[in-house]
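Below is one structure; the comments refer to it alone.
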Amino acid sequence: MLTSLQGKSVIVTGGSKGIGRGIATVFARQGAKVTIAARHEDELKKAAEEIEGEVRYEICDVSDWDSVREMADSVAAAQGGLYVMCANAGAFPQTKIVDMDPAEWDRVMATNLRSAFLCVKAAIPHFEKAGKGRVVLTSSITGPITGFPGWSHYGASKAGQLGFLKTAAMELARYKTTINAVMPGNIYTEGLQDLGQDYLDTMAASIPLKRLGDVEDIGNAALFFASDEAGYITGQQIVVDGGQIIPESLEAIAEI
Ligand code: NAP
């Protein structure tokens with residue numbers, strides 16, 4: 001049993017859907033005060049109503065500095081400070097390099113990588129004020145460990161998050177704040193469903209635990225990094241993928 005996050009102030013970007021919603025659900029269940037942030041108000045409102053616990057929402061574009069700063073300040077005012085920043089929002093359009101418009105590369109970098117920097121920067125004044133804090137990034141196995149045709153920009157952004165993480169851990173230490181990353185494998189979300197049933201079936205077959213991950217599998221890992229028990233862990237990452245990156249060959253996975 002981890003130390004309670006009862007009453008702690010938490011932001012989850014991309015919390016209206018998928019993994020972010022799973023993270024928000026896990027923290028709200030622990031009694032945390034949770035704000036979910038994304039661009040579309042209808043989905044945010046619905047999720048905030050449906051998730052059990054103390055959940056509010058803010059409209060925010062994580063690639064835009066003013067939007068992120070205003071969101072973090074507004075959450076701190078509404079929730080009595082800010083303890084946990086879950087920088088989770090992300091996008092994964094699938095386009096091969098030969099076909100990719102440079103503007104798409106920039107958009108993915110802004111949504112996935114620039115956003116990590118902006119979320120941390122916006123949270124620092126609040127961590128400094130409180131003398132403590134936690135950041136949890138949602139990275140991926142794609143990029144840092146694996147590759148997949150069409151996701152060169154996505155993979156680069158997710159590997160970039162881990163590069164950012166190392167120096168951020170050093171700079172945040174003075175505020176008694178840790179920063180760590182969860183690296184999901186294939187998690188069953190709205191975003192993944194858009195890739196089609198064939199993709200989902202092929203992926204499930206390539207995972208030793210023989211199922212896609214649940215959004216709360218990622219929420220539980222984020223919760224651990226936010227707990228007091230993880231207070232001496234910073235600049236690190238954990239893979240949550242049902243063993244997907246382990247098999248060395250098709251024969252190896254066929255043996256199971
Ligand atoms: P999803 O179902 O598509 O949900 C994405 C969420 O991010 C939505 O709430 C979306 O809301 C929000 N979002 C997107 N762009 C945004 C922006 N510019 N500003 C603010 N919010 C934005 O995606 P998911 O599958 O849950 O993925 C969530 C994170 O996990 C991403 O970082 C992704 O790279 C990572 N991940 C996912 C998997 C997986 O298998 N699903 C695996 C590895 C890593 P709006 O559109 O309303 O803004």
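The chains in the structure tokens are called A, B, ... from first to last as shown; in each chain the residues are counted from 1, and the ligands are counted from 1 in the order shown.
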Point to revise | Exercise: A:Gln237 partners within 9 Å, only C-alpha atoms, chain neighbours under 2 positions left out, as a VMD selection string | key: chain A and resid 137 139 162 180 to 183 234 to 235 239
Would you output that residue set with N, CA, C and O atoms, as a PDB file, in the first residue's frame?
```
ATOM      1  N   LEU A 137       6.186  11.887 -16.898  1.00  0.00           N
ATOM      2  CA  LEU A 137       6.017  12.021 -18.344  1.00  0.00           C
ATOM      3  C   LEU A 137       5.481  10.707 -18.904  1.00  0.00           C
ATOM      4  O   LEU A 137       5.867   9.633 -18.426  1.00  0.00           O
ATOM      5  N   SER A 139       6.119   8.698 -21.909  1.00  0.00           N
ATOM      6  CA  SER A 139       6.956   8.504 -23.091  1.00  0.00           C
ATOM      7  C   SER A 139       6.366   7.329 -23.866  1.00  0.00           C
ATOM      8  O   SER A 139       5.140   7.230 -24.013  1.00  0.00           O
ATOM      9  N   LEU A 162      12.974  11.512 -23.019  1.00  0.00           N
ATOM     10  CA  LEU A 162      13.879  10.870 -22.050  1.00  0.00           C
ATOM     11  C   LEU A 162      15.200  11.633 -21.950  1.00  0.00           C
ATOM     12  O   LEU A 162      15.831  11.659 -20.886  1.00  0.00           O
ATOM     13  N   ASN A 180      10.062  11.540 -13.547  1.00  0.00           N
ATOM     14  CA  ASN A 180      10.285  10.207 -14.093  1.00  0.00           C
ATOM     15  C   ASN A 180       9.337   9.991 -15.267  1.00  0.00           C
ATOM     16  O   ASN A 180       8.412  10.778 -15.459  1.00  0.00           O
ATOM     17  N   ALA A 181       9.581   8.910 -16.010  1.00  0.00           N
ATOM     18  CA  ALA A 181       8.751   8.652 -17.189  1.00  0.00           C
ATOM     19  C   ALA A 181       8.225   7.230 -17.198  1.00  0.00           C
ATOM     20  O   ALA A 181       8.932   6.286 -16.818  1.00  0.00           O
ATOM     21  N   VAL A 182       6.982   7.090 -17.641  1.00  0.00           N
ATOM     22  CA  VAL A 182       6.402   5.779 -17.914  1.00  0.00           C
ATOM     23  C   VAL A 182       6.520   5.548 -19.414  1.00  0.00           C
ATOM     24  O   VAL A 182       6.262   6.459 -20.212  1.00  0.00           O
ATOM     25  N   MET A 183       6.930   4.353 -19.810  1.00  0.00           N
ATOM     26  CA  MET A 183       7.059   4.010 -21.235  1.00  0.00           C
ATOM     27  C   MET A 183       6.049   2.915 -21.564  1.00  0.00           C
ATOM     28  O   MET A 183       6.347   1.722 -21.419  1.00  0.00           O
ATOM     29  N   THR A 234      14.569   9.520  -9.315  1.00  0.00           N
ATOM     30  CA  THR A 234      14.375  10.651 -10.245  1.00  0.00           C
ATOM     31  C   THR A 234      15.236  10.467 -11.495  1.00  0.00           C
ATOM     32  O   THR A 234      16.299   9.847 -11.436  1.00  0.00           O
ATOM     33  N   GLY A 235      14.722  10.974 -12.607  1.00  0.00           N
ATOM     34  CA  GLY A 235      15.441  10.864 -13.886  1.00  0.00           C
ATOM     35  C   GLY A 235      15.378   9.475 -14.487  1.00  0.00           C
ATOM     36  O   GLY A 235      16.167   9.135 -15.362  1.00  0.00           O
ATOM     37  N   VAL A 239       9.291   0.669 -18.175  1.00  0.00           N
ATOM     38  CA  VAL A 239       8.528   0.123 -19.298  1.00  0.00           C
ATOM     39  C   VAL A 239       7.324  -0.627 -18.746  1.00  0.00           C
ATOM     40  O   VAL A 239       7.453  -1.449 -17.849  1.00  0.00           O
TER      41      VAL A 239
END
```
**Study point:** Environment of ligand 1 within 6 Å, counting only C-alpha atoms and all ligand atoms, reported as JSON, numbers by chain
**Key:** {"A": [13, 14, 15, 16, 17, 18, 19, 20, 38, 39, 40, 60, 61, 62, 63, 88, 89, 90, 91, 111, 138, 139, 140, 184, 185, 186, 187, 188, 189, 190, 191, 192]}
Check your understanding: Which parts of stretch 21-90 of chain A does DSSP call alpha helix (DSSP H) when run on the backbone here, written out as JSON, numbers by chain?
Key -> {"A": [21, 22, 23, 24, 25, 26, 27, 28, 29, 41, 42, 43, 44, 45, 46, 47, 48, 49, 50, 65, 66, 67, 68, 69, 70, 71, 72, 73, 74, 75, 76, 77, 78, 79]}
Kindly assemble as a tab-separated table a list of the stretch 152-228 of chain A residues that lie within 7 Å of stretch 115-128 of chain A, each paired with its nearest atom pair and their distance in Å to one decimal, using only C-alpha atoms, sorted first by chain and then by ascending residue number.
```
residue	atom	partner	partner_atom	distance
A:Gln161	CA	A:Ala116	CA	6.9
A:Tyr175	CA	A:Glu128	CA	5.3
A:Thr177	CA	A:Phe127	CA	7.0
```
Would you please extract all strand (DSSP E) residues from stretch 32-182 of chain A, as assigned by DSSP on the backbone, and give them as a CSV table (one decimal) with C-alpha atoms, in the first residue's frame?
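Printed below is result-v8.csv as written:
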```csv
chain,number,residue,atom,x,y,z
A,33,LYS,CA,-7.8,16.7,-6.5
A,34,VAL,CA,-7.4,16.1,-10.2
A,35,THR,CA,-7.6,18.5,-13.2
A,36,ILE,CA,-7.7,17.0,-16.6
A,37,ALA,CA,-6.5,19.3,-19.4
A,38,ALA,CA,-7.0,19.0,-23.2
A,54,GLU,CA,-12.8,15.2,-7.3
A,55,VAL,CA,-12.2,15.9,-10.9
A,56,ARG,CA,-12.3,19.3,-12.7
A,57,TYR,CA,-11.1,20.3,-16.2
A,58,GLU,CA,-9.2,23.1,-18.0
A,59,ILE,CA,-9.0,23.7,-21.7
A,84,VAL,CA,1.9,16.3,-9.4
A,85,MET,CA,2.2,17.3,-13.1
A,86,CYS,CA,1.4,14.3,-15.4
A,87,ALA,CA,2.6,15.5,-18.8
A,133,GLY,CA,6.7,18.2,-6.4
A,134,ARG,CA,6.4,15.3,-8.8
A,135,VAL,CA,6.5,15.2,-12.6
A,136,VAL,CA,5.5,12.1,-14.6
A,137,LEU,CA,6.0,12.0,-18.3
A,138,THR,CA,4.2,9.6,-20.7
A,177,THR,CA,10.9,17.6,-7.0
A,178,THR,CA,11.3,14.3,-8.9
A,179,ILE,CA,10.7,13.7,-12.6
A,180,ASN,CA,10.3,10.2,-14.1
A,181,ALA,CA,8.8,8.7,-17.2
A,182,VAL,CA,6.4,5.8,-17.9
```
Check your understanding: Contacts of A:Leu212 at 12 Å or less, counting only C-alpha atoms, minus same-chain residues fewer than 3 places along, as number ranges by chain?
Key -> A: 184-189, 192-193, 199-209, 215-218, 240-244
**Study point:** A:Glu229 surroundings by only C-alpha atoms, 8 Å radius, close-in-sequence under 5 positions cut, as a list of chain:residue names
**Key:**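 The contact residues come out as A:Leu2, A:Thr3, A:Phe224.
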